[in-house]
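Notes follow the structure.
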Amino acid sequence: MAKSTRDAWPALTTYDADHLNRIALPLGGVGTGTVSLGGRGDLRDWEVANRPAKGFTPPGCFFALWAKPAGDAPAVPRCLEGQIPPELYEGAFGCKVPNHGLPRFRHCSFAAAYPLGQVFLTDPEVPLDVRIEAFNPLIPGDAEASGIPMAVLRFVLVNRTSKPVNASVCGSVLNFIGADGSNTPIGFAGTPNIRGVLKANRNERVKGRGVQGVRMSTESVARTDERFGTLAIATTAAGGVTARTAWARKPWGGAIQDFWEDFSIDGRLEERALDGQDSPTASLAARLVVPARSRRSVTFLLTWHFPNRMSWTPKAAEPGACCAAKPCDEDRVGNYYTTQYADAWDVARRTAPHLADLERRTVLFVRSFCESDLPDAVKDAALSNLTALRTQTSFRTADGNFFGWEGCGDTAGCCPGSCTHVWNYEWATAMLFGDLARNMREIELAHAMCDDGRMHFRVQLPLGREPRKLVCAADGQMGCLMKLYREWQLSGDESLLRRLWPRARKALEFCWTPGGWDADRDGVMEGCQHNTMDVEYFGPNPQMGTWYLGALRACEEMAWHVGEKDFADTCRDLFERGSRWMDENLFNGEYYEHEIRPVKSEKEVAEGLRIGMGAKDLSEPNLQLGRGCLVDQLVGQYMAHLAGLGYLLKPANVRKTLRSILKYNLKRGFHGHFNHNRSYALGDEQALLMASYPRGGRPAQPFPYDTEVMTGFEYAAAVGMIQEGMVRQGLDCIAAIRARYDGRKRSPFDEAECGHHYARAMTSWSAAIALTGFAYSGVDGSLAFSATDGPARFFWSNGSAWGTFEQRPARGGRIRAKLTVLSGRLRLRRLTLAGAGQVELPRMRTIAAGKSVTLEVPKMA
């Protein structure tokens, strides 16, 4: 057994006993699915079989401790979980919490800095304190190491007594292959009746080098079925390991009684016969001795392998019901992770030897980020929302391509297609996994776009499948152009730009087609503009307008680089005229409004339908923004600042608008607030409303979400405030969001919008970028940060490399800067400290992992 001599894991937030119930920290790789660590140390939401499965906790899945002090003291068995909260006691047949009858630890707390989760268990009757350390590798720039279908759980046993304690840690997992949470009826006791749907599942003991465990398979589920796959539970313990491949077949709770009594005797397990069981439970126990006033640890792995992911746009689907149709063999798109491993046991066997290094690299990343001189709420929001990359929100098909739902329903993905107008907002993927972000740009421009420049904002699967109705989203399409510019700059990938630029140009030129978004080519979007509010805007408005201005600026820069000067000039001309028109005509002195322009001619209607218009009678269009103060009206400006594209509108107007959003949209309590749609903020909570109408003029039926609150939009507005010097106000908005996700009311690792683990919530990462002033161009090797008044330390990343940056005052008014690369390689030619000065290197320099460069930056006069 391993001695626990490591440094403690970093933790940003600690949750006491009153804030544990809603915690569910997803454990799993990028695009692999997850099982979640509950706030009490329980395992819940087993979302590994190609679909979400909220609330799916198979019976018999838990870890237990056996502890016996030396001498005559009795042994103490406990489930390795904290107490069940009283609000979960009630049910028609008693408590419905899985494994509710097991004795548990009296005291529990939880600490996290995602993906690291820790559960602290103590009990005066138990001679050992326990710390559960759970994680899955998350290493920026390494999607392979971050894409392992596995949950790692280490149990650190702490002996505070003067005597050695004999101990055993045991993990049990039901072989639930064939059940995925969507096909499991609720039994009479209120728990999933999983055994009723499983047939001929089998478990077997397996051993490898430095790892042993139980492999779980099925003989009844068809190999082509979505639910077909394998599971495994394993331990790296070297000795003292016993196992059961099945529990006893006994009625009326006799199976768990037999297990508990066997384990309680000596912490060892005796095998039981399968005896015709279709859904056997596997148990694996590891014995060890914890010396007096010492600690020891034992590590377990939970691994999975489910190869048959199906399309989100099945061939047999009826229009409008693409996610509900039953898929056929032609709809199988597979999982990339299952092409890397033969089965679940192969995952454990091949990963175990590298576990220490994977943990070291993960902890290095998390510690480097947590030690940045940023507010805890910013760091917590940035890390905690990375769950959208690891839950069933995101996946990689067998060919390695990366896709994402908008979010997850309880048992199915919610809103398919790597929806461009949702994924537009987030910066986490680009900054941490640049290869995945670049792959998304390839999909958008090479597969989701027609030759005439129309881009379907929801890509079909398999790639190449024709959509039943091609709908273009104005914000989605423009955002993709800004993101292409971002990916090119961050990576310096010349081939990416050269390959995709002709398609990007067509995507922009589509705006100018007859009946299009800017048919009169004046730099202002006026046409039918489908957008992220799930409606079409008619007439000029700031939300689509700033996306368009940002796309024009991005295309101007890209056109210049590829030598298309005339097109660059066209983009600049349209940008300048559009920007001037919006300031002169949409800004009302406080914020920007939407000028509704009804569509009257039959030709305009026909052209609008061609690009995705949903309604036909548009003489008086409804579901519009109108004169409202929209939380998201400067979204294009938010993106432009992050991408280094400068101001899109008058700076004074931008700052005034952000102050108006804060003034009119911030609610400090929702007791008197009427909301006709979904509620993501209630009671005493504080949030930014989607829209307000301080000057009146609200349409009879505004766009659908005007009275709602959604965190992704809040983050974008808060970051906009930070960018304009309203740092305190922006940070207050971010802190208010995280206060809503406090473990008592909602899970800190599940910011929902249209589904759990919503992709737009990853906008939270951009706050760290704005506060540090980070900007990087792999094209010319320029790197920038904000200068600080005193010593400061920041984390940085560009999607392929990452590390730390430190600055402190030096003699002569200079600033001493130290750049350290902890992973990857970074090309550097120029360092700028915004507000101070810059230093240029004699030539381009490549800094390798583990190396640092120290520079002195002279302050500008």
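FYI, nothing fancy with the structure tokens labels: chains A, B, ... in order, residues from 1 per chain, ligands from 1 as they appear.
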
For this session: Pick out the residues sitting within 8 Å of A:Trp405, and hand them over as a PyMOL selection string; count only C-alpha atoms, and ignore anything fewer than 2 positions along from it in its own chain.
Result: chain A and resi 393-394+403+407-408+413-419+759

For this session: Name the residues in contact with A:Ala167 at a cut-off of 9 Å, using only C-alpha atoms, excluding same-chain residues fewer than 2 positions from it; report them as a list in words.
Result: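 Within the cut-off, the hits are Leu65, Trp66, Ala67, Lys68, Pro69, Leu128, Leu157, Val165, Val169, Asp266, Gly267, Ala286, Arg287, Leu288, Val289 and Val290 of chain A.
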
Could the residues of stretch 771-825 of chain A that have an atom at most 6 Å from stretch 423-437 of chain A be listed as CSV, each with its closest atom pair and the distance in Å to one decimal, counting only C-alpha atoms and ordered by chain and ascending residue number?
residue,atom,partner,partner_atom,distance
A:Ser797,CA,A:Met431,CA,5.7
A:Asn798,CA,A:Met431,CA,4.8
A:Gly799,CA,A:Gly434,CA,4.0
A:Ser800,CA,A:Gly434,CA,5.9

Exercise. How many Å lie between atom CA of A:His305 and atom CA of A:Ala344, rounded to one decimal?
Worked result: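 Answer for the atom CA of A:His305 to atom CA of A:Ala344 separation: 4.9 Å.
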
For this session: Please return as number ranges by chain: the residues of stretch 110-262 of chain A that backbone DSSP assigns to strand (DSSP E).
Result: A: 110-113, 116-122, 128-135, 150-159, 165-174, 201-208, 211-218, 230-235, 241-244

Problem set entry | 7 Å contact set for A:Trp345, only C-alpha atoms, chain neighbours under 3 positions out, as a PyMOL selection string | chain A and resi 215+232+348-349

Problem set entry | Å distance separating atom CA of A:Asp262 from atom CA of A:Ala179, one decimal place | 28.3 Å

Exercise. Any idea what's packed within 9 Å of A:Gln637, counting only C-alpha atoms, ignoring anything in its chain fewer than 2 positions away? Could you give it as a list in words?
Worked result: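 Residues near the query, excluding close chain neighbours: Thr546, Trp547, Leu549, Gly550, Gln633, Leu634, Val635, Met639, Ala640, His641, Leu642, Leu645, Gly646, Tyr647, Leu648, Leu649, Val654 and Gly720 of chain A.
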
List the spatial neighbours of A:Gly523 as a PDB file with all heavy atoms, in the first residue's frame - criterion: any atom at most 7 Å away, only C-alpha atoms, same-chain residues fewer than 4 positions off excluded.
ATOM      1  N   ASP A 518     -27.218  41.333 -44.769  1.00  0.00           N
ATOM      2  CA  ASP A 518     -26.776  42.687 -45.139  1.00  0.00           C
ATOM      3  C   ASP A 518     -26.813  42.808 -46.653  1.00  0.00           C
ATOM      4  O   ASP A 518     -25.797  43.058 -47.315  1.00  0.00           O
ATOM      5  CB  ASP A 518     -25.369  42.953 -44.596  1.00  0.00           C
ATOM      6  CG  ASP A 518     -24.892  44.382 -44.861  1.00  0.00           C
ATOM      7  OD1 ASP A 518     -25.753  45.249 -45.137  1.00  0.00           O
ATOM      8  OD2 ASP A 518     -23.673  44.616 -44.809  1.00  0.00           O
ATOM      9  N   LEU A 574     -16.931  48.255 -44.822  1.00  0.00           N
ATOM     10  CA  LEU A 574     -18.209  47.859 -44.238  1.00  0.00           C
ATOM     11  C   LEU A 574     -18.172  47.986 -42.715  1.00  0.00           C
ATOM     12  O   LEU A 574     -19.155  48.405 -42.095  1.00  0.00           O
ATOM     13  CB  LEU A 574     -18.544  46.420 -44.634  1.00  0.00           C
ATOM     14  CG  LEU A 574     -18.923  46.193 -46.096  1.00  0.00           C
ATOM     15  CD1 LEU A 574     -19.115  44.711 -46.373  1.00  0.00           C
ATOM     16  CD2 LEU A 574     -20.193  46.964 -46.452  1.00  0.00           C
ATOM     17  N   PHE A 575     -17.046  47.610 -42.120  1.00  0.00           N
ATOM     18  CA  PHE A 575     -16.919  47.728 -40.672  1.00  0.00           C
ATOM     19  C   PHE A 575     -17.079  49.180 -40.228  1.00  0.00           C
ATOM     20  O   PHE A 575     -17.831  49.486 -39.293  1.00  0.00           O
ATOM     21  CB  PHE A 575     -15.572  47.180 -40.209  1.00  0.00           C
ATOM     22  CG  PHE A 575     -15.213  47.584 -38.809  1.00  0.00           C
ATOM     23  CD1 PHE A 575     -15.841  46.999 -37.724  1.00  0.00           C
ATOM     24  CD2 PHE A 575     -14.274  48.589 -38.574  1.00  0.00           C
ATOM     25  CE1 PHE A 575     -15.534  47.396 -36.423  1.00  0.00           C
ATOM     26  CE2 PHE A 575     -13.965  48.978 -37.289  1.00  0.00           C
ATOM     27  CZ  PHE A 575     -14.595  48.382 -36.207  1.00  0.00           C
ATOM     28  N   ARG A 577     -18.462  51.771 -41.761  1.00  0.00           N
ATOM     29  CA  ARG A 577     -19.798  52.312 -41.977  1.00  0.00           C
ATOM     30  C   ARG A 577     -20.814  51.692 -41.026  1.00  0.00           C
ATOM     31  O   ARG A 577     -21.686  52.378 -40.479  1.00  0.00           O
ATOM     32  CB  ARG A 577     -20.221  52.067 -43.435  1.00  0.00           C
ATOM     33  CG  ARG A 577     -19.477  52.978 -44.422  1.00  0.00           C
ATOM     34  CD  ARG A 577     -20.132  52.948 -45.786  1.00  0.00           C
ATOM     35  NE  ARG A 577     -19.866  51.701 -46.507  1.00  0.00           N
ATOM     36  CZ  ARG A 577     -20.776  51.024 -47.177  1.00  0.00           C
ATOM     37  NH1 ARG A 577     -22.031  51.450 -47.209  1.00  0.00           N
ATOM     38  NH2 ARG A 577     -20.450  49.923 -47.843  1.00  0.00           N
ATOM     39  N   GLY A 578     -20.699  50.378 -40.800  1.00  0.00           N
ATOM     40  CA  GLY A 578     -21.631  49.716 -39.890  1.00  0.00           C
ATOM     41  C   GLY A 578     -21.475  50.179 -38.461  1.00  0.00           C
ATOM     42  O   GLY A 578     -22.456  50.405 -37.743  1.00  0.00           O
TER      43      GLY A 578
END

Exercise. What are the DSSP helix (DSSP H, G or I) residues of stretch 49-252 of chain A, as an NGL selection string?
Worked result: :A and (86-88 or 194-197)

With N, CA, C and O atoms retained, write the just-selected residues as a CSV table (one decimal), in the first residue's frame.
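File written: selection36.csv
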chain,number,residue,atom,x,y,z
A,86,PRO,N,-31.6,14.6,6.1
A,86,PRO,CA,-33.0,14.3,6.5
A,86,PRO,C,-34.0,14.5,5.4
A,86,PRO,O,-35.0,13.8,5.4
A,87,GLU,N,-33.8,15.5,4.5
A,87,GLU,CA,-34.7,15.7,3.5
A,87,GLU,C,-34.9,14.6,2.5
A,87,GLU,O,-35.8,14.5,1.7
A,88,LEU,N,-34.0,13.6,2.6
A,88,LEU,CA,-34.1,12.4,1.7
A,88,LEU,C,-34.6,11.2,2.5
A,88,LEU,O,-34.6,10.1,1.9
A,194,ILE,N,-33.1,-2.3,-12.1
A,194,ILE,CA,-32.2,-2.6,-13.1
A,194,ILE,C,-32.2,-4.1,-13.5
A,194,ILE,O,-32.1,-4.5,-14.6
A,195,ARG,N,-32.2,-4.9,-12.5
A,195,ARG,CA,-32.1,-6.3,-12.7
A,195,ARG,C,-33.2,-6.9,-13.6
A,195,ARG,O,-33.0,-7.9,-14.3
A,196,GLY,N,-34.3,-6.2,-13.6
A,196,GLY,CA,-35.4,-6.7,-14.5
A,196,GLY,C,-35.1,-6.5,-16.0
A,196,GLY,O,-35.8,-7.1,-16.8
A,197,VAL,N,-34.1,-5.7,-16.4
A,197,VAL,CA,-33.8,-5.5,-17.8
A,197,VAL,C,-32.5,-6.1,-18.2
A,197,VAL,O,-32.2,-6.0,-19.4

Problem set entry | Selected residue, from A:Val779, A:Leu116, A:Ala792, A:Ala200, that lies nearest to A:Tyr485 when counting only C-alpha atoms | A:Val779

For this session: With a distance cut-off of 10 Å and only C-alpha atoms, select the neighbouring residues of A:Tyr741, excluding the residue or stretch itself and same-chain residues fewer than 2 positions from it, and output the selection as a list in words.
Result: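 So, after excluding close chain neighbours, the residues are His19, Arg22, Ile23, Ala381, Ala736, Ile737, Arg738, Ala739, Gly743, Arg744, Lys745, Arg746, Ser747, Pro748, Phe749, Asp750 and Glu751 of chain A.
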
For this session: Quick one: everything within 9 Å of A:Arg505, counting only C-alpha atoms, minus sequence neighbours fewer than 5 positions away in the same chain. Send it as number ranges by chain.
Result: A: 453, 481, 500, 510, 555, 559, 567

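For the choices A:Gly778, A:Gly589, A:Pro791, A:Gly39, the atom-to-atom distance to A:Gln118 is smallest for A:Gly39 when using only C-alpha atoms.
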
Exercise. Closest to A:Ala273 among A:Leu12, A:Leu43, A:Ala248, A:Met455, using only C-alpha atoms?
Worked result: A:Ala248

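Computed from the coordinates, the atom CA of A:Lys650 to atom CA of A:Cys733 distance equals 24.0 Å.
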
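If you measure from each of A:Ser692, A:Gln392, A:Asn385, A:Ser264 to A:Thr707 using only C-alpha atoms, the closest one turns out to be A:Ser692.
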
Stretch 748-784 of chain A near stretch 673-682 of chain A within 10 Å: what's each residue's closest atom pair and its distance in Å to one decimal, counting only C-alpha atoms, ordered by chain then ascending residue number, as JSON lines?
{"residue": "A:Glu751", "atom": "CA", "partner": "A:Tyr680", "partner_atom": "CA", "distance": 9.1}
{"residue": "A:Ala752", "atom": "CA", "partner": "A:Tyr680", "partner_atom": "CA", "distance": 7.8}
{"residue": "A:Glu753", "atom": "CA", "partner": "A:Tyr680", "partner_atom": "CA", "distance": 7.8}
{"residue": "A:Cys754", "atom": "CA", "partner": "A:Arg678", "partner_atom": "CA", "distance": 9.2}
